[in-house]
file run09.cif (mmCIF, C-alpha atoms)
data_structure
#
loop_
_atom_site.label_atom_id
_atom_site.label_comp_id
_atom_site.auth_asym_id
_atom_site.auth_seq_id
_atom_site.Cartn_x
_atom_site.Cartn_y
_atom_site.Cartn_z
CA MET A 1 119.98 107.01 173.37
CA LEU A 2 120.04 110.72 172.59
CA GLU A 3 119.72 110.07 168.86
CA LEU A 4 116.66 107.92 169.52
CA LEU A 5 115.08 110.69 171.58
CA ARG A 6 115.86 113.18 168.82
CA ALA A 7 114.20 110.87 166.29
CA LEU A 8 111.06 110.71 168.43
CA LEU A 9 110.99 114.49 168.74
CA ALA A 10 111.65 115.28 165.07
CA PRO A 11 108.10 114.80 163.75
CA ARG A 12 106.56 116.50 166.78
CA THR A 13 108.45 119.76 167.26
CA ASP A 14 110.95 121.93 165.45
CA VAL A 15 112.34 123.37 168.69
CA THR A 16 115.98 122.30 168.67
CA LEU A 17 117.78 120.99 171.72
CA PRO A 18 120.40 123.29 173.26
CA ASN A 19 124.00 122.13 173.11
CA ALA A 20 124.04 120.95 176.72
CA SER A 21 127.09 118.71 176.62
CA GLY A 22 130.50 119.23 178.17
CA ALA A 23 132.81 122.21 178.16
CA ASP A 24 131.75 123.33 174.66
CA GLY A 25 128.07 123.40 175.56
CA VAL A 26 125.91 126.20 176.90
CA SER A 27 125.93 127.17 180.55
CA ALA A 28 123.85 125.44 183.20
CA HIS A 29 121.86 128.68 183.51
CA VAL A 30 120.88 128.49 179.84
CA ILE A 31 119.87 124.84 180.19
CA VAL A 32 117.70 125.59 183.22
CA GLY A 33 116.05 128.43 181.31
CA ALA A 34 115.39 126.23 178.29
CA LEU A 35 113.81 123.55 180.44
CA ALA A 36 111.65 126.13 182.20
CA GLY A 37 110.34 127.49 178.89
CA ALA A 38 109.72 124.16 177.19
CA SER A 39 105.96 123.97 177.76
CA ARG A 40 105.44 127.49 176.40
CA ARG A 41 107.58 126.88 173.32
CA ILE A 42 106.53 123.31 172.54
CA GLY A 43 103.07 122.98 174.03
CA LYS A 44 101.65 120.19 176.11
CA ASP A 45 100.39 117.74 173.51
CA PRO A 46 100.20 114.11 174.66
CA LEU A 47 103.04 111.92 173.43
CA VAL A 48 101.46 109.18 171.33
CA LEU A 49 103.99 106.81 169.80
CA ASP A 50 103.28 104.61 166.82
CA PRO A 51 104.13 100.87 166.86
CA ALA A 52 107.41 101.38 164.99
CA GLU A 53 108.56 103.99 167.50
CA MET A 54 107.64 101.78 170.44
CA GLU A 55 109.57 98.93 168.86
CA ARG A 56 112.65 101.16 168.51
CA LEU A 57 112.43 101.96 172.20
CA ARG A 58 112.09 98.29 173.13
CA ALA A 59 115.08 97.46 170.94
CA ALA A 60 117.06 100.00 172.95
CA GLY A 61 116.02 98.29 176.18
CA ILE A 62 113.33 100.81 177.10
CA ASP A 63 110.03 99.07 177.77
CA TRP A 64 108.51 101.83 179.86
CA PRO A 65 107.10 105.26 178.86
CA VAL A 66 109.91 107.81 178.85
CA ALA A 67 107.42 110.69 178.76
CA VAL A 68 103.71 111.36 178.58
CA ARG A 69 103.83 114.70 176.71
CA VAL A 70 105.94 116.11 173.89
CA ASP A 71 107.38 118.91 176.04
CA GLU A 72 108.28 116.33 178.67
CA LEU A 73 110.10 114.22 176.08
CA TRP A 74 111.99 117.34 174.99
CA ARG A 75 113.06 118.00 178.57
CA VAL A 76 114.13 114.36 178.99
CA ALA A 77 116.24 114.67 175.83
CA VAL A 78 117.88 117.88 177.06
CA LEU A 79 118.76 116.31 180.39
CA THR A 80 120.09 113.17 178.71
CA SER A 81 122.24 115.26 176.40
CA ALA A 82 123.81 116.97 179.42
CA ALA A 83 124.95 113.75 181.05
CA SER A 84 128.62 114.22 180.09
CA ARG A 85 128.89 117.55 181.93
CA ASP A 86 131.11 117.80 184.99
CA ASP A 87 128.29 119.60 186.79
CA PHE A 88 125.60 117.16 185.71
CA GLU A 89 124.59 115.96 189.18
CA ARG A 90 124.26 119.51 190.42
CA LEU A 91 122.32 120.49 187.29
CA VAL A 92 119.81 117.66 187.79
CA ALA A 93 119.42 118.55 191.47
CA ASP A 94 118.93 122.24 190.67
CA VAL A 95 116.29 121.52 188.03
CA TYR A 96 114.44 119.19 190.39
CA ARG A 97 114.56 121.49 193.40
CA GLY A 98 113.93 124.74 191.57
CA GLY A 99 111.65 123.64 188.77
CA ASP A 100 107.89 123.57 188.54
CA SER A 101 105.87 120.36 188.54
CA ASP A 102 106.42 119.76 184.82
CA GLU A 103 110.19 120.10 185.15
CA ARG A 104 110.33 117.90 188.23
CA ARG A 105 108.33 115.16 186.51
CA ALA A 106 110.70 115.25 183.54
CA VAL A 107 113.71 114.84 185.83
CA LEU A 108 112.14 111.84 187.53
CA ARG A 109 111.16 110.15 184.28
CA ALA A 110 114.66 110.70 182.91
CA LEU A 111 116.59 109.21 185.86
CA ALA A 112 116.65 105.65 184.54
CA LEU A 113 118.21 106.86 181.27
CA PHE A 114 121.20 108.56 182.88
CA PRO A 115 124.62 106.91 183.15
CA ALA A 116 125.28 105.63 186.70
CA PRO A 117 121.66 106.29 187.66
CA GLU A 118 122.17 104.96 191.18
CA ARG A 119 123.82 108.27 192.14
CA PHE A 120 120.36 109.84 192.01
CA ALA A 121 118.80 107.43 194.50
CA ALA A 122 118.57 110.09 197.23
CA LEU A 123 116.75 112.47 194.89
CA ALA A 124 114.32 109.70 193.91
CA ALA A 125 113.73 108.75 197.54
CA ASP A 126 112.92 112.38 198.31
CA ALA A 127 110.43 112.46 195.43
CA CYS A 128 108.70 109.39 196.84
CA ARG A 129 107.83 111.34 199.98
CA THR A 130 105.71 113.93 198.16
CA SER A 131 101.93 113.96 198.40
CA VAL A 132 101.68 115.84 195.09
CA LEU A 133 100.19 113.02 193.06
CA PRO A 134 101.57 113.85 189.56
CA ILE A 135 105.11 114.12 190.93
CA PHE A 136 104.78 110.94 192.97
CA GLU A 137 103.42 109.09 189.93
CA ALA A 138 106.39 110.25 187.83
CA ILE A 139 108.81 108.34 190.06
CA ALA A 140 106.63 105.52 191.39
CA CYS A 141 104.56 104.58 188.35
CA GLU A 142 105.71 103.08 185.05
CA ASN A 143 109.27 103.92 186.06
CA PRO A 144 111.96 101.24 186.52
CA PHE A 145 114.22 103.40 188.65
CA PRO A 146 112.79 102.62 192.13
CA ALA A 147 112.91 98.82 191.78
CA ARG A 148 116.41 98.99 190.33
CA HIS A 149 118.05 101.52 192.60
CA LEU A 150 116.12 102.37 195.79
CA SER A 151 117.10 100.72 199.05
CA ALA A 152 114.66 98.25 200.59
CA LEU A 153 113.57 100.85 203.14
CA HIS A 154 112.86 103.55 200.58
CA PHE A 155 111.22 101.17 198.13
CA ASN A 156 108.92 99.81 200.83
CA GLN A 157 108.03 103.32 201.96
CA MET A 158 107.20 104.22 198.36
CA VAL A 159 104.86 101.23 198.04
CA LEU A 160 103.07 102.18 201.26
CA LYS A 161 102.79 105.77 200.04
CA ALA A 162 101.25 104.49 196.79
CA LEU A 163 98.64 102.63 198.81
CA PHE A 164 97.97 105.72 200.92
CA LEU A 165 97.52 107.87 197.79
CA GLY A 166 95.30 105.29 196.09
CA VAL A 167 97.78 104.52 193.33
CA SER A 168 97.34 101.04 191.87
CA LEU A 169 100.30 98.78 192.61
CA VAL A 170 100.03 97.38 189.08
CA ARG A 171 101.75 100.61 188.06
CA VAL A 172 104.81 99.98 190.25
CA LEU A 173 107.33 98.33 187.95
CA GLY A 174 109.35 95.49 189.43
CA LEU A 175 107.24 95.17 192.56
CA ASP A 176 107.14 91.36 192.48
CA GLY A 177 110.92 91.20 192.49
CA ARG A 178 111.15 93.54 195.49
CA ARG A 179 108.55 91.82 197.73
CA THR A 180 110.07 90.91 201.09
CA PRO A 181 108.75 89.70 204.44
CA GLU A 182 109.35 93.22 205.77
CA LEU A 183 107.17 94.76 203.05
CA THR A 184 104.45 92.22 203.82
CA ARG A 185 104.67 93.07 207.51
CA MET A 186 104.43 96.79 206.81
CA ALA A 187 101.38 96.22 204.62
CA ARG A 188 99.78 94.01 207.25
CA ASP A 189 100.31 96.67 209.93
CA TYR A 190 98.84 99.34 207.67
CA ALA A 191 95.83 97.19 206.87
CA GLN A 192 95.23 96.56 210.56
CA GLU A 193 95.43 100.30 211.27
CA ARG A 194 92.83 101.03 208.62
CA ARG A 195 90.48 98.33 209.85
CA ALA A 196 90.83 99.54 213.44
CA ALA A 197 89.89 103.05 212.28
CA GLY A 198 86.88 101.72 210.38
CA ARG A 199 88.42 102.51 207.01
CA ALA A 200 88.29 100.39 203.87
CA VAL A 201 91.21 98.17 202.90
CA SER A 202 91.87 98.14 199.16
CA ALA A 203 92.34 94.92 197.22
CA ASP A 204 95.97 95.94 196.57
CA LEU A 205 96.66 96.42 200.26
CA ALA A 206 94.92 93.19 201.24
CA ALA A 207 96.88 91.19 198.69
CA LEU A 208 100.19 92.73 199.75
CA ALA A 209 99.42 92.13 203.43
CA GLU A 210 98.69 88.49 202.66
CA GLY A 211 101.93 88.15 200.71
CA SER A 212 100.03 87.32 197.50
CA SER A 213 100.20 88.79 194.01
#

call {"tool": "encode", "arguments": {"input": "run09.cif", "output": "structure tokens"}}
result
Amino acid sequence: MLELLRALLAPRTDVTLPNASGADGVSAHVIVGALAGASRRIGKDPLVLDPAEMERLRAAGIDWPVAVRVDELWRVAVLTSAASRDDFERLVADVYRGGDSDERRAVLRALALFPAPERFAALAADACRTSVLPIFEAIACENPFPARHLSALHFNQMVLKALFLGVSLVRVLGLDGRRTPELTRMARDYAQERRAAGRAVSADLAALAEGSS
């Protein structure tokens, strides 16, 4: 996976990845500093992949966008390269809690690429509670992690939060496979609350409340 990420980065930046792996790698402090400075060093150009690159990702089992900007892809690659570290879980938590919005989004987009990703379910659930739309979108939208690893309670809460924030449910990967009677009930209750308050009910909310696609 790391070599594929390196190949995607190669034509887009000459900023090398720090040696973030294991005992022979740089310190966690250096990694955090590199991640913090990525946007300044690399820029914030959109990540536009060509068909051959997208096919390479699909062949590796990745059929979702791993990043939306070049600096974000660089951060995802750094985090992925650090996965063998003994302090990896703490490193990821520190970057997420102490980083700016760009760093936090990179952490959330990278979660599904990590080994044993389920260990980061609590971090992802916390991210789903935010009302900062770009951060919420990084975990809830075009990201397979929630459907694969969040509990029913946290996944359902994320879907309701998406409706509250006006995020299209089409962007929630794996939603059809996680529909349950409880999610339908929660949507129905929310729709009733909005109608009682004289507020509009979106097509997404109405369909979910009816248990339809």

call {"tool": "closest_atom_pairs", "arguments": {"input": "run09.cif", "of": "range 102-134 of chain A", "to": "range 141-146 of chain A", "cutoff": "9 Å", "atoms": "only C-alpha atoms", "output": "tab-separated table"}}
result
residue	atom	partner	partner_atom	distance
A:Leu108	CA	A:Asn143	CA	8.6
A:Arg109	CA	A:Asn143	CA	6.7
A:Leu111	CA	A:Phe145	CA	6.9
A:Ala112	CA	A:Phe145	CA	5.3
A:Pro117	CA	A:Phe145	CA	8.0
A:Glu118	CA	A:Phe145	CA	8.5
A:Ala121	CA	A:Pro146	CA	8.1
A:Ala124	CA	A:Pro146	CA	7.5
A:Ala125	CA	A:Pro146	CA	8.2

call {"tool": "resolve_selection", "arguments": {"input": "run09.cif", "expression": "the PyMOL selection byres ((chain A and resi 173) around 12)", "output": "list in words"}}
result
Asp63, Trp64, Pro65, Glu137, Ala138, Ile139, Ala140, Cys141, Glu142, Asn143, Pro144, Phe145, Pro146, Ala147, Arg148, Phe155, Met158, Val159, Ser168, Leu169, Val170, Arg171, Val172, Gly174, Leu175, Asp176, Gly177, Arg178 and Arg179 of chain A

call {"tool": "closest_atom_pairs", "arguments": {"input": "run09.cif", "of": "range 64-165 of chain A", "to": "range 186-196 of chain A", "cutoff": "9 Å", "atoms": "only C-alpha atoms", "output": "tab-separated table"}}
result
residue	atom	partner	partner_atom	distance
A:Asn156	CA	A:Met186	CA	8.1
A:Gln157	CA	A:Met186	CA	8.9
A:Val159	CA	A:Ala187	CA	9.0
A:Leu160	CA	A:Ala187	CA	7.0

call {"tool": "resolve_selection", "arguments": {"input": "run09.cif", "expression": "the PyMOL selection byres ((chain A and resi 104-106) around 12)", "output": "PyMOL selection string"}}
result
chain A and resi 32+35-36+38-39+65-80+92-103+107-113+123-124+126-128+130+132-141+143

call {"tool": "atom_distance", "arguments": {"input": "run09.cif", "atom1": "CA of Glu53 in chain A", "atom2": "CA of Leu2 in chain A"}}
result
14.2 Å

call {"tool": "axis_aligned_box", "arguments": {"input": "run09.cif", "around": "range 154-170 of chain A", "padding_each_side": "4 Å", "output": "AutoDock Vina command-line options"}}
result
--center_x 104.1 --center_y 102.6 --center_z 195.5 --size_x 25.6 --size_y 18.5 --size_z 20.9

call {"tool": "atom_distance", "arguments": {"input": "run09.cif", "atom1": "CA of Leu153 in chain A", "atom2": "CA of Asp87 in chain A"}}
result
28.9 Å

call {"tool": "atom_distance", "arguments": {"input": "run09.cif", "atom1": "CA of Ala28 in chain A", "atom2": "CA of Leu91 in chain A"}}
result
6.6 Å

call {"tool": "residues_around", "arguments": {"input": "run09.cif", "residues": "Ser21 in chain A", "least_positions_apart": "3", "cutoff": "8 Å", "atoms": "all atoms listed in the file", "output": "list in words"}}
result
Asp24, Gly25, Val26, Ser81, Ala82, Ala83, Ser84 and Arg85 of chain A

call {"tool": "resolve_selection", "arguments": {"input": "run09.cif", "expression": "the PyMOL selection byres ((chain A and resi 13) around 10)", "output": "count of residues only"}}
result
14
